[in-house]
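Working notes, beginning with the structure itself.
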Amino acid sequence: MRVTISRTKVFLILSDLICLLLFPGCAVNETYVSPSSRLGGAIVMRVASSQNSDPFQAGKQAAKALRERMGQVPPHTVILTECFEDRAQKKEVLKGVCTVFEADIVFGFATYGSFNQQGCMDGDSVGILGIGGEGIATVAALRRDLGIGGLTMESHKEELASRLRTGGADLAAKISRGPSDRLIVVMADAHSPKNQFLLEGVQKVLGKDFPITGGSANKNAGQTFVYFQGRMYTDSAIAFLLSGDFEVSLSGRQAKENAKVISSAAQSAAEALKNMRAKPFSVLAFNCAGRKGKLDNIEDELKAIQSVIGNDIPLFGAYCAGEIGPADITEKDPSALSSGVGWHVMFTVLGR
């Protein structure tokens with residue numbers, strides 16, 4: 001019988017062996033590195049989704065649909081959002097996805113639902129993004145044990161700020177930087193307004209002007225998971241560094257009532273698209289679950305987005321408990337490109 005091992009898995013195995021040989025007893029490095037990007041190489045980003053009361057089948061169906069849409073280009077990174085009730089169901093989602101893709105390349109977080117060009121999904125759903133091709137590379141990092149469980153802004157604000165800034169800096173320090181780096185995506189168990197402290201830690205390492213977007217995991221009890229290489233973590237944060245010869249454009253808007261949620265989504269998408277100097281090939285959108293709750297019909301916001309970006313560009317959207325991106329508030333830090341806030345929709349257009 002012939003056994004094949006991917007280049008990614010070989011790299012990870014060698015990294016772990018080197019760690020153990022040089023530093024006996026050390027913890028395995030909680031980073032993932034895809035194959036390096038190549039100038040002019042293909043970039044393939046595709047999305048898929050599934051809604052099914054059976055979490056295993058939902059994960060498997062979404063993953064199979066993504067594999068089909070990726071065509072002949074296997075993804076080196078798979079990012080999922082899921083909206084199921086408890087740990088047992090979420091674990092089944094991961095199992096379903098990992099029947100199709102190696103666990104080593106599977107990442108993501110628990111959300112309040114997702115949206116893409118096919119529509120909006122609420123409970124019992126999975127959204128999934130595949131990143132592949134020689135023109136784009138990913139470095140992912142995990143920071144476990146942030147130490148904020150049970151701490152509240154009302155009683156422990158200073159302790160929260162200290163621990164989250166430290167956690168954010170540790171997370172960013174795990175990611176090696178290069179000249180072709182373009183975007184950081186952060187997914188964390190740190191809902192708004194705590195996400196601002198985490199972001200400040202990341203920015204201490206990366207700088208305030210580097211493009212950063214992302215969202216906070218579902219904050220309901222038993223829902224606060226992030227996923228790193230097919231494993232579940234709470235009280236943790238993950239980050240993805242995307243690099244290659246492409247451009248990014250970010251925009252964010254805040255709103256808290258039906259009509260403005262709809263109009264602000266169109267305005268933010270239009271601004272991100274207008275500032276893109278190349279041909280768009282993908283759109284990431286981290287949206288507030290509170291905004292979704294203010295809509296009379298959740299599809300109305302998606303229609304407003306599609307009126308701007310069209311129906312063909314792959315759109316990967318998630319409903320979060322806090323967002324990261326350009327803030328639409330007067331009290332933001334004017335020197336920072338991105339802030340950690342709530343009630344926003346954050347768009348990132350990738351183009352080439």
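Starting from 1 in every chain, residues are counted up; chains themselves are A, B, ... following the order of the structure tokens, and ligands are numbered from 1 as listed.
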
Need the shell around Gly167 (chain A): protein/DNA/RNA residues with any atom at most 7 Å away, counting only C-alpha atoms. Skip same-chain ones fewer than 3 positions apart. Format as a JSON list (two decimals) with C-alpha atoms, in the first residue's frame?
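Saved as result_5.json:
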```json
[["chain", "number", "residue", "atom", "x", "y", "z"],
["A", 143, "ARG", "CA", -2.74, 31.77, 21.58],
["A", 146, "LEU", "CA", -5.91, 34.16, 27.54],
["A", 163, "ARG", "CA", -4.22, 39.97, 29.89],
["A", 164, "LEU", "CA", -5.71, 40.61, 26.46],
["A", 170, "ASP", "CA", 1.99, 36.88, 22.08],
["A", 171, "LEU", "CA", -0.29, 35.90, 19.19],
["A", 198, "LEU", "CA", -6.62, 42.09, 22.16],
["A", 201, "GLY", "CA", -1.63, 43.79, 21.75]]
```

request  = Name the residues of region 9-133 of chain A that come out as strand (DSSP E or B) in a backbone DSSP run; write them as a PyMOL selection string.
outcome  = chain A and resi 31-33+44-51+75-83+106-110+114-116+119-121+125-132

For those residues, write N, CA and C atoms to a file as a compact mmCIF listing (two decimals), in the first residue's frame.
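Wrote it out as part.txt, contents follow:
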```
# COMPACT_ATOMS: atom_id res chain seq x y z
N THR A 31 1.74 26.99 15.61
CA THR A 31 1.68 27.75 14.37
C THR A 31 1.51 26.79 13.21
N TYR A 32 1.02 27.34 12.12
CA TYR A 32 0.85 26.59 10.88
C TYR A 32 1.38 27.45 9.75
N VAL A 33 2.15 26.85 8.85
CA VAL A 33 2.72 27.57 7.72
C VAL A 33 2.40 26.81 6.44
N VAL A 44 -6.72 31.05 -5.65
CA VAL A 44 -8.07 30.50 -5.72
C VAL A 44 -8.69 30.56 -4.34
N MET A 45 -9.74 31.38 -4.19
CA MET A 45 -10.50 31.47 -2.95
C MET A 45 -11.96 31.20 -3.28
N ARG A 46 -12.52 30.19 -2.62
CA ARG A 46 -13.90 29.79 -2.88
C ARG A 46 -14.64 29.60 -1.57
N VAL A 47 -15.95 29.73 -1.61
CA VAL A 47 -16.78 29.56 -0.42
C VAL A 47 -17.86 28.52 -0.68
N ALA A 48 -18.35 27.93 0.39
CA ALA A 48 -19.46 26.98 0.33
C ALA A 48 -20.17 27.03 1.68
N SER A 49 -21.33 26.39 1.74
CA SER A 49 -22.09 26.40 2.98
C SER A 49 -23.06 25.23 3.01
N SER A 50 -23.59 24.97 4.20
CA SER A 50 -24.57 23.91 4.36
C SER A 50 -25.44 24.23 5.56
N GLN A 51 -26.72 23.91 5.47
CA GLN A 51 -27.63 24.04 6.60
C GLN A 51 -28.28 22.67 6.80
N PRO A 75 -7.10 23.27 -1.42
CA PRO A 75 -6.85 24.36 -0.48
C PRO A 75 -5.70 24.02 0.46
N HIS A 76 -4.88 25.01 0.77
CA HIS A 76 -3.86 24.80 1.80
C HIS A 76 -4.36 25.34 3.15
N THR A 77 -5.47 26.08 3.13
CA THR A 77 -6.08 26.59 4.35
C THR A 77 -7.59 26.57 4.20
N VAL A 78 -8.29 26.04 5.20
CA VAL A 78 -9.75 25.99 5.20
C VAL A 78 -10.23 26.70 6.47
N ILE A 79 -11.09 27.69 6.31
CA ILE A 79 -11.61 28.46 7.44
C ILE A 79 -13.12 28.27 7.51
N LEU A 80 -13.60 27.84 8.68
CA LEU A 80 -15.04 27.58 8.81
C LEU A 80 -15.67 28.46 9.88
N THR A 81 -16.92 28.76 9.69
CA THR A 81 -17.77 29.34 10.72
C THR A 81 -18.93 28.38 10.90
N GLU A 82 -19.35 28.20 12.15
CA GLU A 82 -20.48 27.30 12.37
C GLU A 82 -21.39 27.88 13.45
N CYS A 83 -22.66 27.50 13.37
CA CYS A 83 -23.65 27.97 14.33
C CYS A 83 -24.48 26.78 14.81
N VAL A 106 -7.51 22.97 8.93
CA VAL A 106 -8.86 23.43 9.26
C VAL A 106 -8.83 24.36 10.47
N PHE A 107 -9.40 25.56 10.29
CA PHE A 107 -9.42 26.59 11.32
C PHE A 107 -10.80 27.25 11.34
N GLY A 108 -11.06 28.11 12.32
CA GLY A 108 -12.31 28.84 12.30
C GLY A 108 -12.80 29.22 13.68
N PHE A 109 -14.12 29.52 13.77
CA PHE A 109 -14.69 29.92 15.05
C PHE A 109 -16.21 29.77 15.04
N ALA A 110 -16.77 29.72 16.26
CA ALA A 110 -18.21 29.62 16.43
C ALA A 110 -18.84 31.00 16.25
N SER A 114 -23.83 32.72 9.22
CA SER A 114 -22.93 33.16 8.16
C SER A 114 -23.73 33.59 6.94
N PHE A 115 -23.04 34.18 5.98
CA PHE A 115 -23.68 34.59 4.72
C PHE A 115 -22.66 34.56 3.60
N ASN A 116 -23.16 34.25 2.42
CA ASN A 116 -22.34 34.27 1.22
C ASN A 116 -23.26 34.58 0.04
N GLY A 119 -26.80 33.07 0.13
CA GLY A 119 -27.81 33.49 1.07
C GLY A 119 -27.29 33.59 2.50
N CYS A 120 -28.22 33.89 3.44
CA CYS A 120 -27.90 34.03 4.86
C CYS A 120 -28.31 32.77 5.60
N MET A 121 -27.49 32.36 6.55
CA MET A 121 -27.78 31.15 7.33
C MET A 121 -27.72 31.47 8.81
N SER A 125 -25.91 25.64 10.90
CA SER A 125 -25.31 25.94 9.60
C SER A 125 -23.79 26.01 9.68
N VAL A 126 -23.18 25.84 8.53
CA VAL A 126 -21.73 25.92 8.38
C VAL A 126 -21.40 26.75 7.15
N GLY A 127 -20.50 27.71 7.31
CA GLY A 127 -19.93 28.43 6.18
C GLY A 127 -18.46 28.09 6.10
N ILE A 128 -17.91 28.04 4.91
CA ILE A 128 -16.53 27.56 4.79
C ILE A 128 -15.83 28.27 3.63
N LEU A 129 -14.56 28.61 3.87
CA LEU A 129 -13.72 29.30 2.89
C LEU A 129 -12.49 28.47 2.62
N GLY A 130 -12.16 28.30 1.36
CA GLY A 130 -10.94 27.63 0.97
C GLY A 130 -9.96 28.61 0.35
N ILE A 131 -8.70 28.51 0.75
CA ILE A 131 -7.64 29.37 0.21
C ILE A 131 -6.59 28.46 -0.41
N GLY A 132 -6.33 28.65 -1.68
CA GLY A 132 -5.37 27.79 -2.36
C GLY A 132 -4.68 28.50 -3.50
```

Glu154 (chain A) environment, 12 Å, only C-alpha atoms, sequence neighbours closer than 6 positions dropped, as a list in words =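 After dropping sequence-adjacent residues, the list is Leu160, Pro193 and Lys194 of chain A.
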
query = Which one is closest to Leu142 (chain A): A:Glu30, A:Asp54, A:Glu301, A:Glu102? Count only C-alpha atoms.
reply =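 With only C-alpha atoms as the atom set, the closest residue is A:Glu30.
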
task = Compile the contact shell of Asp209 (chain A) as a list in words: residues with an atom at most 9 Å away, counting only C-alpha atoms, same-chain residues fewer than 6 positions apart removed.
result =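 Here the qualifying residues turn out to be Gln203, Ser335, Ala336, Leu337 and Ser338 of chain A.
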
Please list as an mmCIF file with C-alpha atoms, in the first residue's frame every residue within 10 Å of Gln196 (chain A), counting only C-alpha atoms and excluding residues in the same chain fewer than 2 positions away.
```cif
data_model
loop_
_atom_site.group_PDB
_atom_site.id
_atom_site.type_symbol
_atom_site.label_atom_id
_atom_site.label_comp_id
_atom_site.auth_asym_id
_atom_site.auth_seq_id
_atom_site.Cartn_x
_atom_site.Cartn_y
_atom_site.Cartn_z
ATOM 1 C CA ALA A 161 -6.918 44.919 29.393
ATOM 2 C CA LEU A 164 -5.707 40.612 26.456
ATOM 3 C CA ARG A 165 -2.943 43.000 25.396
ATOM 4 C CA GLY A 168 -2.560 39.769 21.477
ATOM 5 C CA ALA A 190 -12.994 38.013 23.290
ATOM 6 C CA HIS A 191 -16.237 39.790 22.458
ATOM 7 C CA SER A 192 -16.706 43.545 22.117
ATOM 8 C CA PRO A 193 -15.474 45.723 23.783
ATOM 9 C CA LYS A 194 -12.790 43.275 24.971
ATOM 10 C CA LEU A 198 -6.616 42.092 22.160
ATOM 11 C CA LEU A 199 -6.146 44.129 18.989
ATOM 12 C CA GLU A 200 -3.953 46.650 20.817
ATOM 13 C CA GLY A 201 -1.630 43.794 21.751
ATOM 14 C CA VAL A 202 -1.482 42.616 18.134
ATOM 15 C CA GLY A 322 -17.460 41.976 17.963
ATOM 16 C CA GLU A 323 -15.619 43.037 14.836
ATOM 17 C CA ILE A 324 -12.153 44.227 13.844
ATOM 18 C CA SER A 338 -8.291 49.013 12.571
ATOM 19 C CA SER A 339 -10.165 48.977 15.884
ATOM 20 C CA GLY A 340 -11.964 46.331 17.907
ATOM 21 C CA VAL A 341 -15.605 47.380 18.136
ATOM 22 C CA GLY A 342 -19.203 46.191 17.983
#
```

ask   = Which residue, A:Ala321, A:Val97, A:Ile184, A:Ile148, has the smallest gap to Lys64 (chain A) when you use only C-alpha atoms?
value = A:Val97

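Ranking A:Asn195, A:Gln61, A:Thr166, A:Ser180 by their shortest atom-to-atom distance to Val248 (chain A), with only C-alpha atoms included, puts A:Ser180 first.
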
request  = List the neighbours of Glu257 (chain A) out to 10 Å using only C-alpha atoms; skip same-chain residues closer than 2 positions along the sequence, and give me the result as a list in words.
outcome  =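 That gives Gln254, Ala255, Ala259, Lys260, Val261, Ile262, Gly290, Arg291, Lys292, Gly293, Lys294, Leu295 and Asp296 of chain A.
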
message = So that I can see what lies close to Leu350 (chain A), please list as a ChimeraX atom specification the residues with an atom at most 6 Å from it, counting only C-alpha atoms and leaving out residues fewer than 2 positions away in the same chain.
response = /A:247-248,280-282

Write the residues of the preceding selection, restricted to C-alpha atoms, as a CSV table (one decimal), in the first residue's frame.
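Result file is result.csv:
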```
chain,number,residue,atom,x,y,z
A,247,GLU,CA,-3.9,44.1,-2.7
A,248,VAL,CA,-6.4,44.6,0.1
A,280,PRO,CA,-11.4,42.0,-6.9
A,281,PHE,CA,-11.3,38.2,-6.5
A,282,SER,CA,-12.7,37.7,-2.9
```

request  = Give the answer as one residue: which of A:Val226, A:Leu94, A:Ala289, A:Ala304 has the shortest atom-to-atom distance to Ala239 (chain A), using only C-alpha atoms?
outcome  =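 Comparing A:Val226, A:Leu94, A:Ala289, A:Ala304 against Ala239 (chain A), the winner is A:Val226.
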
CA of Phe84 (chain A) to CA of Gly149 (chain A), distance in Å rounded to a single decimal =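 About the pair CA of Phe84 (chain A) and CA of Gly149 (chain A): they are 21.1 Å apart.
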